>>> print(open('model-v7.txt').read())   # compact mmCIF, C-alpha atoms
# COMPACT_ATOMS: atom_id res chain seq x y z
CA MET Z 114 27.32 -57.72 45.00
CA THR Z 115 28.55 -60.93 43.58
CA ASP Z 116 28.70 -64.49 44.71
CA GLU Z 117 32.47 -64.40 44.72
CA ARG Z 118 33.17 -62.33 47.77
CA VAL Z 119 35.26 -64.88 49.59
CA PRO Z 120 37.95 -67.04 48.04
CA GLY Z 121 37.17 -70.69 48.26
CA ASP Z 122 33.43 -70.25 48.10
CA GLN Z 123 32.22 -73.78 48.42
CA GLY Z 124 28.66 -72.75 48.03
CA SER Z 125 28.75 -71.76 44.38
CA ASN Z 126 30.31 -74.93 43.01
CA GLU Z 127 28.09 -77.57 44.40
CA PRO Z 128 27.88 -81.03 42.87
CA ALA Z 129 24.76 -81.41 40.80
CA ASP Z 130 23.88 -84.77 42.27
CA LEU Z 131 22.85 -83.35 45.63
CA ASP Z 132 19.09 -83.18 45.76
CA LEU Z 133 17.86 -80.12 47.60
CA ARG Z 134 14.22 -81.04 47.22
CA THR Z 135 14.47 -83.47 50.08
CA PHE Z 136 16.28 -81.04 52.34
CA SER Z 137 14.34 -79.49 55.16
CA ASP Z 138 15.37 -77.19 57.95
CA ASP Z 139 17.09 -78.81 60.89
CA ALA Z 140 14.75 -77.92 63.75
CA ALA Z 141 17.32 -78.72 66.42
CA LEU Z 142 19.86 -76.39 64.85
CA VAL Z 143 17.26 -73.67 64.44
CA ALA Z 144 16.47 -73.93 68.14
CA CYS Z 145 20.13 -74.04 69.07
CA LEU Z 146 21.06 -70.96 67.07
CA ARG Z 147 18.07 -68.96 68.23
CA ALA Z 148 18.75 -69.92 71.81
CA SER Z 149 22.33 -68.75 71.46
CA TYR Z 150 21.09 -65.48 70.01
CA ALA Z 151 18.65 -65.10 72.87
CA ARG Z 152 21.27 -65.77 75.52
CA PHE Z 153 23.84 -63.48 74.02
CA PRO Z 154 23.99 -60.38 76.21
CA ALA Z 155 22.43 -57.31 74.71
CA PRO Z 156 24.82 -54.41 74.22
CA ASP Z 157 24.70 -51.82 76.93
CA ALA Z 158 23.67 -48.27 76.22
CA ALA Z 159 27.25 -47.05 76.35
CA GLN Z 160 28.26 -49.41 73.58
CA VAL Z 161 25.46 -48.22 71.34
CA ALA Z 162 26.23 -44.61 72.14
CA ARG Z 163 29.89 -45.23 71.40
CA CYS Z 164 28.95 -46.47 67.96
CA THR Z 165 26.77 -43.48 67.19
CA THR Z 166 29.40 -41.06 68.43
CA ALA Z 167 32.15 -42.75 66.45
CA VAL Z 168 30.14 -42.68 63.23
CA LEU Z 169 29.22 -39.04 63.56
CA ALA Z 170 32.77 -38.14 64.54
CA ALA Z 171 34.23 -40.05 61.61
CA THR Z 172 32.02 -38.15 59.24
CA MET Z 173 32.86 -34.91 61.06
CA HIS Z 174 29.23 -34.60 61.98
CA ALA Z 175 28.62 -32.99 58.64
CA PRO Z 176 25.40 -34.45 57.30
CA SER Z 177 24.49 -31.15 55.73
CA ARG Z 178 27.58 -31.35 53.60
CA ARG Z 179 27.41 -35.07 53.12
CA PHE Z 180 23.80 -35.30 52.14
CA GLY Z 181 23.16 -31.88 50.76
CA GLY Z 182 20.38 -30.95 53.13
CA ALA Z 183 16.78 -30.57 52.18
CA ALA Z 184 17.34 -27.49 50.05
CA ARG Z 185 20.42 -28.64 48.21
CA PRO Z 186 20.46 -30.82 45.11
CA ARG Z 187 20.98 -34.50 45.54
CA TRP Z 188 23.94 -34.77 43.24
CA TRP Z 189 26.08 -36.22 45.97
CA TRP Z 190 24.08 -39.31 46.61
CA GLY Z 191 24.46 -41.16 43.36
CA ALA Z 192 27.75 -39.59 42.45
CA ALA Z 193 29.40 -40.40 45.74
CA ALA Z 194 28.29 -43.97 45.59
CA ALA Z 195 29.70 -44.30 42.13
CA ALA Z 196 32.84 -42.48 43.12
CA VAL Z 197 33.95 -44.62 45.96
CA LEU Z 198 37.39 -46.11 45.50
CA VAL Z 199 38.78 -48.63 47.87
CA VAL Z 200 42.49 -48.82 48.43
CA SER Z 201 44.19 -51.41 50.52
CA VAL Z 202 47.67 -50.20 51.34
CA LEU Z 203 49.87 -52.89 52.79
CA ARG Z 204 53.44 -51.86 52.49
CA PRO Z 205 55.88 -52.12 50.94
CA TRP Z 206 55.00 -50.77 47.57
CA GLN Z 207 55.13 -53.18 44.65
CA PRO Z 208 56.53 -51.25 41.72
CA GLU Z 209 55.19 -53.63 39.12
CA VAL Z 210 51.66 -53.14 40.40
CA ALA Z 211 52.06 -49.39 40.27
CA VAL Z 212 53.37 -49.48 36.74
CA GLN Z 213 50.53 -51.71 35.65
CA GLN Z 214 47.98 -49.41 37.17
CA ALA Z 215 49.60 -46.31 35.76
CA ASP Z 216 49.76 -47.84 32.30
CA GLY Z 217 46.13 -48.76 32.48
CA ALA Z 218 45.16 -45.31 33.61
CA PHE Z 219 46.94 -43.44 30.85
CA VAL Z 220 45.28 -45.49 28.18
CA GLY Z 221 42.02 -43.70 28.66
CA ALA Z 222 43.37 -40.33 29.66
CA SER Z 223 42.01 -38.53 26.66
CA ALA Z 224 38.48 -39.82 27.06
CA ALA Z 225 37.63 -39.93 30.75
CA PRO Z 226 38.94 -39.02 34.16
CA VAL Z 227 41.68 -41.39 35.22
CA GLY Z 228 43.53 -41.71 38.47
CA THR Z 229 46.53 -43.47 39.89
CA THR Z 230 48.02 -43.95 43.31
CA THR Z 231 51.75 -44.25 43.91
CA GLU Z 232 53.95 -44.40 46.95
CA SER Z 233 55.91 -41.22 47.54
CA GLY Z 234 58.14 -41.44 50.58
CA ASP Z 235 55.93 -42.00 53.57
CA ALA Z 236 52.89 -40.74 51.75
CA ILE Z 237 50.61 -41.93 49.01
CA ARG Z 238 50.35 -39.71 45.98
CA PHE Z 239 47.00 -39.48 44.25
CA ASP Z 240 46.97 -38.35 40.64
CA LEU Z 241 43.94 -37.53 38.60
CA THR Z 242 43.81 -36.53 34.99
CA LEU Z 243 40.66 -34.86 33.77
CA PRO Z 244 39.64 -34.35 30.17
CA ASN Z 245 37.91 -31.07 31.06
CA SER Z 246 39.12 -27.78 32.47
CA ALA Z 247 38.33 -28.01 36.14
CA GLN Z 248 39.04 -25.00 38.32
CA LYS Z 249 39.68 -26.96 41.49
CA VAL Z 250 39.86 -30.57 42.51
CA ALA Z 251 39.86 -32.01 46.00
CA LEU Z 252 40.66 -35.41 47.40
CA VAL Z 253 38.17 -36.63 49.97
CA GLY Z 254 38.12 -39.84 51.93
CA ASP Z 255 37.85 -41.46 55.28
CA PHE Z 256 41.31 -40.13 56.13
CA ASN Z 257 40.15 -36.50 56.03
CA GLY Z 258 36.58 -36.87 57.15
CA TRP Z 259 35.32 -36.46 53.59
CA ASP Z 260 36.06 -32.78 53.88
CA GLU Z 261 36.33 -31.31 50.43
CA HIS Z 262 38.33 -28.41 51.83
CA ALA Z 263 40.90 -30.51 53.68
CA THR Z 264 42.99 -31.88 50.81
CA PRO Z 265 42.93 -29.70 47.70
CA MET Z 266 44.79 -31.23 44.78
CA VAL Z 267 47.50 -29.29 43.00
CA ARG Z 268 47.30 -28.66 39.28
CA ARG Z 269 50.45 -30.20 37.82
CA ARG Z 270 50.14 -28.99 34.29
CA ASN Z 271 47.61 -27.24 32.12
CA ASP Z 272 46.40 -30.48 30.65
CA GLY Z 273 44.07 -31.49 33.43
CA ALA Z 274 46.60 -33.27 35.64
CA TRP Z 275 46.07 -32.90 39.37
CA SER Z 276 47.83 -34.49 42.33
CA ALA Z 277 47.90 -34.63 46.10
CA LYS Z 278 50.04 -36.43 48.64
CA VAL Z 279 48.57 -37.82 51.82
CA PRO Z 280 50.40 -39.73 54.56
CA LEU Z 281 48.42 -42.92 55.02
CA LEU Z 282 48.98 -45.75 57.40
CA PRO Z 283 48.88 -49.26 56.04
CA GLY Z 284 45.31 -50.38 55.83
CA ARG Z 285 42.20 -49.79 53.89
CA HIS Z 286 41.22 -46.33 52.75
CA VAL Z 287 38.18 -45.17 50.87
CA TYR Z 288 38.35 -42.03 48.80
CA ALA Z 289 36.93 -40.06 45.93
CA PHE Z 290 37.58 -36.88 43.98
CA VAL Z 291 35.47 -33.73 44.03
CA VAL Z 292 35.69 -31.46 41.02
CA ASP Z 293 34.78 -27.80 41.36
CA GLY Z 294 33.15 -28.51 44.67
CA ARG Z 295 30.19 -30.30 43.20
CA THR Z 296 31.04 -33.27 40.99
CA TRP Z 297 32.23 -36.50 42.56
CA LEU Z 298 34.33 -38.78 40.41
CA VAL Z 299 35.39 -42.38 40.28
CA ASP Z 300 38.33 -43.63 38.28
CA PRO Z 301 36.68 -45.68 35.54
CA LEU Z 302 39.85 -47.63 34.77
CA ALA Z 303 40.73 -48.74 38.27
CA PRO Z 304 40.19 -52.40 39.07
CA GLN Z 305 36.71 -53.29 40.19
CA VAL Z 306 35.88 -54.66 43.61
CA PRO Z 307 32.69 -56.39 44.67
CA ASP Z 308 29.83 -54.03 45.28
CA GLU Z 309 29.58 -53.48 49.01
CA GLY Z 310 26.19 -51.97 48.82
CA TYR Z 311 27.07 -48.52 47.54
CA GLY Z 312 27.15 -49.15 43.83
CA PRO Z 313 30.25 -49.57 41.65
CA ALA Z 314 33.62 -49.35 43.35
CA ASN Z 315 37.22 -49.53 42.25
CA ALA Z 316 40.24 -50.92 43.99
CA VAL Z 317 43.93 -50.43 43.86
CA VAL Z 318 45.77 -52.98 45.95
CA VAL Z 319 49.35 -52.58 47.03
CA GLU Z 320 50.56 -55.31 49.28
CA GLY Z 321 53.46 -57.43 50.37
CA PRO Z 322 55.59 -57.93 53.46
CA ARG Z 323 58.07 -55.25 54.36
CA MET T 29 8.75 -42.99 63.84
CA THR T 30 9.30 -45.35 60.93
CA ASP T 31 12.67 -46.27 59.50
CA ALA T 32 11.87 -44.37 56.33
CA GLU T 33 11.10 -41.23 58.29
CA LEU T 34 14.34 -41.58 60.23
CA VAL T 35 16.27 -42.00 57.00
CA VAL T 36 14.72 -38.83 55.60
CA ARG T 37 15.67 -36.95 58.75
CA THR T 38 19.20 -38.38 58.64
CA ARG T 39 19.61 -37.22 55.08
CA ALA T 40 18.45 -33.80 56.14
CA GLY T 41 21.22 -33.68 58.70
CA ASP T 42 19.53 -34.79 61.89
CA PRO T 43 22.10 -36.78 63.90
CA ASP T 44 19.48 -37.82 66.45
CA ALA T 45 17.55 -39.59 63.72
CA PHE T 46 20.59 -41.62 62.82
CA GLY T 47 21.19 -42.31 66.49
CA THR T 48 17.69 -43.74 66.70
CA LEU T 49 18.39 -46.04 63.78
CA VAL T 50 21.56 -47.22 65.49
CA SER T 51 19.69 -47.87 68.73
CA ARG T 52 16.98 -49.73 66.86
CA TYR T 53 19.25 -52.11 64.97
CA TYR T 54 22.47 -52.30 66.94
CA ASP T 55 21.36 -55.31 68.94
CA ALA T 56 20.44 -57.38 65.87
CA CYS T 57 23.68 -56.45 64.13
CA TRP T 58 25.68 -57.18 67.25
CA ARG T 59 24.31 -60.70 67.67
CA PHE T 60 24.79 -61.55 64.02
CA ALA T 61 28.33 -60.15 63.88
CA TYR T 62 29.37 -61.97 67.03
CA HIS T 63 28.14 -65.30 65.74
CA MET T 64 29.88 -64.65 62.43
CA LEU T 65 33.18 -63.56 63.93
CA GLY T 66 33.32 -65.22 67.33
CA GLU T 67 34.95 -62.26 69.05
CA ARG T 68 33.17 -59.44 70.76
CA ALA T 69 35.81 -56.84 69.99
CA ASP T 70 35.76 -57.70 66.30
CA ALA T 71 31.97 -57.76 66.30
CA GLU T 72 31.82 -54.30 67.82
CA ASP T 73 34.28 -52.96 65.27
CA VAL T 74 32.39 -54.51 62.38
CA VAL T 75 29.02 -53.23 63.55
CA GLN T 76 30.42 -49.75 63.97
CA ASP T 77 31.95 -49.89 60.52
CA ALA T 78 28.68 -51.12 59.05
CA PHE T 79 26.79 -48.20 60.56
CA LEU T 80 29.46 -45.81 59.33
CA ARG T 81 29.12 -47.15 55.82
CA ALA T 82 25.37 -47.06 56.07
CA TYR T 83 25.55 -43.43 57.13
CA LEU T 84 27.82 -42.53 54.25
CA ALA T 85 25.69 -44.41 51.75
CA ILE T 86 22.29 -43.51 53.08
CA GLY T 87 21.64 -41.42 50.00
CA ARG T 88 21.58 -44.66 48.05
CA TYR T 89 19.07 -46.32 50.29
CA ASP T 90 15.89 -47.09 48.40
CA GLU T 91 12.85 -46.49 50.58
CA ARG T 92 11.11 -49.44 48.94
CA ASP T 93 13.58 -51.76 50.65
CA GLN T 94 13.50 -52.72 54.29
CA PHE T 95 16.11 -50.71 56.12
CA ARG T 96 17.07 -53.73 58.17
CA GLY T 97 17.74 -55.79 55.04
CA TRP T 98 19.76 -52.99 53.50
CA LEU T 99 21.78 -52.59 56.67
CA PHE T 100 22.39 -56.32 56.91
CA ARG T 101 23.63 -56.35 53.37
CA ILE T 102 26.32 -53.93 54.42
CA LEU T 103 26.94 -55.82 57.63
CA THR T 104 27.43 -59.19 55.95
CA ASN T 105 29.98 -57.63 53.64
CA GLN T 106 31.79 -56.07 56.55
CA CYS T 107 31.89 -59.44 58.26
CA HIS T 108 33.46 -60.99 55.20
CA ASN T 109 35.97 -58.18 54.99
CA ALA T 110 36.86 -58.67 58.63
CA LEU T 111 37.31 -62.40 58.12
CA THR T 112 39.50 -61.76 55.10
CA SER T 113 41.73 -59.33 56.92
CA ARG T 114 41.81 -61.63 59.90
CA GLY T 115 43.15 -64.31 57.59
CA ARG T 116 45.88 -61.94 56.57
CA ARG T 117 46.75 -61.42 60.20
CA THR T 118 46.69 -65.21 60.70
CA ARG T 119 44.68 -64.80 63.83
CA ARG T 120 42.58 -67.55 65.20
CA PHE T 121 38.83 -67.33 64.92
CA VAL T 122 38.19 -67.55 68.63
CA GLN T 123 40.83 -65.54 70.37
CA ASP T 124 39.49 -65.81 73.86
CA GLU T 125 41.11 -69.11 74.80
CA ILE T 126 40.36 -68.70 78.47
CA ALA T 127 36.66 -68.39 77.81
CA LEU T 128 36.71 -71.45 75.61
CA GLU T 129 38.71 -73.57 78.01
CA SER T 130 36.67 -72.52 80.99
CA ALA T 131 33.44 -73.30 79.21
CA PRO T 132 31.72 -76.42 80.43
CA ALA T 133 32.72 -79.64 78.74
CA PRO T 134 30.63 -80.39 75.66
CA PRO T 135 27.22 -79.56 76.97
CA LEU T 136 24.36 -81.97 77.01
CA GLY T 137 21.53 -80.02 75.54
CA LEU T 138 21.81 -76.32 75.16
CA ALA T 139 24.60 -74.54 76.92
CA THR T 140 23.73 -72.72 80.08
CA GLY T 141 26.22 -69.89 79.82
CA VAL T 142 25.49 -66.37 78.71
CA GLU T 143 26.24 -67.58 75.24
CA ASP T 144 26.82 -70.96 73.72
CA ALA T 145 30.61 -71.08 73.51
CA ALA T 146 30.58 -74.57 72.04
CA LEU T 147 28.17 -73.49 69.34
CA VAL T 148 30.19 -70.39 68.50
CA HIS T 149 33.33 -72.47 68.36
CA ALA T 150 31.63 -74.98 66.06
CA LEU T 151 30.35 -72.17 63.86
CA SER T 152 33.89 -70.92 63.53
CA GLN T 153 34.87 -74.13 61.83
CA LEU T 154 32.34 -73.74 59.04
CA ASP T 155 33.06 -72.14 55.72
CA PRO T 156 32.19 -68.43 56.19
CA LEU T 157 29.52 -68.54 53.52
CA GLN T 158 27.91 -71.57 55.10
CA ARG T 159 28.04 -69.86 58.48
CA GLU T 160 26.47 -66.74 57.03
CA ALA T 161 23.71 -68.72 55.33
CA LEU T 162 22.94 -70.68 58.47
CA LEU T 163 22.69 -67.56 60.59
CA LEU T 164 20.54 -65.71 58.10
CA LYS T 165 18.22 -68.66 57.62
CA TYR T 166 17.99 -70.19 61.08
CA ALA T 167 18.77 -67.35 63.46
CA GLU T 168 17.45 -64.38 61.50
CA GLY T 169 14.59 -66.39 60.02
CA LEU T 170 14.96 -65.00 56.51
CA GLU T 171 13.46 -66.59 53.42
CA TYR T 172 15.82 -67.71 50.68
CA GLY T 173 14.60 -64.92 48.43
CA GLU T 174 15.49 -62.35 51.05
CA MET T 175 18.85 -63.97 51.58
CA SER T 176 19.51 -63.93 47.86
CA ALA T 177 18.72 -60.23 47.63
CA MET T 178 20.98 -59.56 50.58
CA THR T 179 23.97 -61.64 49.61
CA GLY T 180 23.78 -61.69 45.83
CA ALA T 181 23.97 -65.48 45.83
CA GLY T 182 21.42 -67.64 44.04
CA GLU T 183 18.74 -69.38 46.04
CA SER T 184 20.03 -72.84 45.10
CA ALA T 185 23.50 -71.96 46.24
CA LEU T 186 22.11 -70.62 49.50
CA LYS T 187 20.07 -73.75 50.09
CA MET T 188 23.14 -75.82 49.50
CA ARG T 189 25.13 -73.73 51.93
CA VAL T 190 22.46 -74.18 54.56
CA LYS T 191 22.29 -77.90 53.90
CA ARG T 192 26.02 -78.43 54.06
CA GLY T 193 26.44 -76.05 56.92
CA SER T 194 23.73 -77.87 58.85
CA GLU T 195 25.35 -81.21 58.28
CA ARG T 196 28.74 -79.94 59.28
CA LEU T 197 27.49 -78.09 62.32
CA ARG T 198 25.47 -81.06 63.50
CA ALA T 199 28.53 -83.27 63.15
CA LEU T 200 30.64 -80.79 65.09
CA LEU T 201 28.13 -80.43 67.88
CA GLY T 202 27.51 -84.14 68.06
CA ARG T 203 25.28 -85.44 70.78
CA SER T 204 24.93 -82.09 72.48
CA LEU T 205 22.18 -81.36 69.98
CA ASP T 206 20.11 -84.42 70.76
>>> encode(input="model-v7.txt", output="structure tokens")
Amino acid sequence: MTDERVPGDQGSNEPADLDLRTFSDDAALVACLRASYARFPAPDAAQVARCTTAVLAATMHAPSRRFGGAARPRWWWGAAAAAVLVVSVLRPWQPEVAVQQADGAFVGASAAPVGTTTESGDAIRFDLTLPNSAQKVALVGDFNGWDEHATPMVRRRNDGAWSAKVPLLPGRHVYAFVVDGRTWLVDPLAPQVPDEGYGPANAVVVEGPR
Amino acid sequence: MTDAELVVRTRAGDPDAFGTLVSRYYDACWRFAYHMLGERADAEDVVQDAFLRAYLAIGRYDERDQFRGWLFRILTNQCHNALTSRGRRTRRFVQDEIALESAPAPPLGLATGVEDAALVHALSQLDPLQREALLLKYAEGLEYGEMSAMTGAGESALKMRVKRGSERLRALLGRSLD
């Protein structure tokens, strides 16, 4: 995580002439904030249950697949964290952004897995080029419940190019690739986004008013 | 059962263990998110999203860390994301105009409502990073070192955010604080 999460961060460019040594906590504000916390109504049981249910439903209640279970190797944990890509899709598509991303991706195609996303009709097309000879590749993300069987990618050529098209609503989508059912991948050439607590993450942003 | 034990059970596929973690920390997350965002609906969405992300990333959780701190790290990021996307939607910070207008005129002393609408409104006018620092320091009672580990910001920057946020908030609240 960086100190640059929000544009206009006034906290990281402070004048040097402000002396913090003389600053002490404002007791009245402390009391005011804590009193507001104390008075704020606690959530009812239904609200908490709604949260739990929503989380488990969103992950298709599949912790055994997500976390490997006690008897399965823990390859997913680190790999998935490193493989998270964040895409903000705000239509319409900006061709120049797509071209820039595609150009950047192909630069490293011979050395490492690279991916691109492009608009294709009402869907988003995900492409992944692998330097190895994978037998199967799947696209997983919050849009398919992270189900590695839901969105298999199609081999486009015999040079490691795979693709899949998924209809996605405008908004933010998180996804990754699963190779041969066991290796999770991140596109190393995609733009970086601030670490949200899961390790490295990439971003492809497509935005603009329709 | 400790947090660490619940995390182990969650990783092993026990949904009840995760449900216990949600029950244990939902309240704290809910209060923080509401004071950061100023809207209950947004706060509920953000807290749910934070727990979802925590669930998906629980394999990365280091048992040497406090689960609450790790969860709040995710939560603070989700709050910032929500504020950013709210900016895109050009929505106002406090959407519930009726609640604001029906709140008592600037209270003398602490507000007597179920929550301090004047305080929440004043918080909304702070820079988000100052608001976050104030809440973490004054409401959550964290040390600057803990805040630094959670937010990624340096301790000096955090102190400055608290200082400036305090000054701004005190000016906004005026005599109601005295």
>>> interface_residues(input="model-v7.txt", of="chain T", to="chain Z", cutoff="6 Å", atoms="all atoms listed in the file", output="PyMOL selection string")
chain T and resi 39-41+47+76+80+87+102+142-144+166-167+180-181+185+189
>>> axis_aligned_box(input="model-v7.txt", around="range 55-70 of chain T", padding_each_side="3 Å", output="JSON")
{"center_x": 28.1, "center_y": -60.3, "center_z": 66.6, "size_x": 21.4, "size_y": 16.0, "size_z": 14.3}
>>> atom_distance(input="model-v7.txt", atom1="CA of Leu147 in chain T", atom2="CA of Lys165 in chain T")
16.1 Å
>>> atom_distance(input="model-v7.txt", atom1="CA of Gly228 in chain Z", atom2="CA of Val292 in chain Z")
13.2 Å
>>> atom_distance(input="model-v7.txt", atom1="CA of Arg52 in chain T", atom2="CA of Phe100 in chain T")
13.1 Å
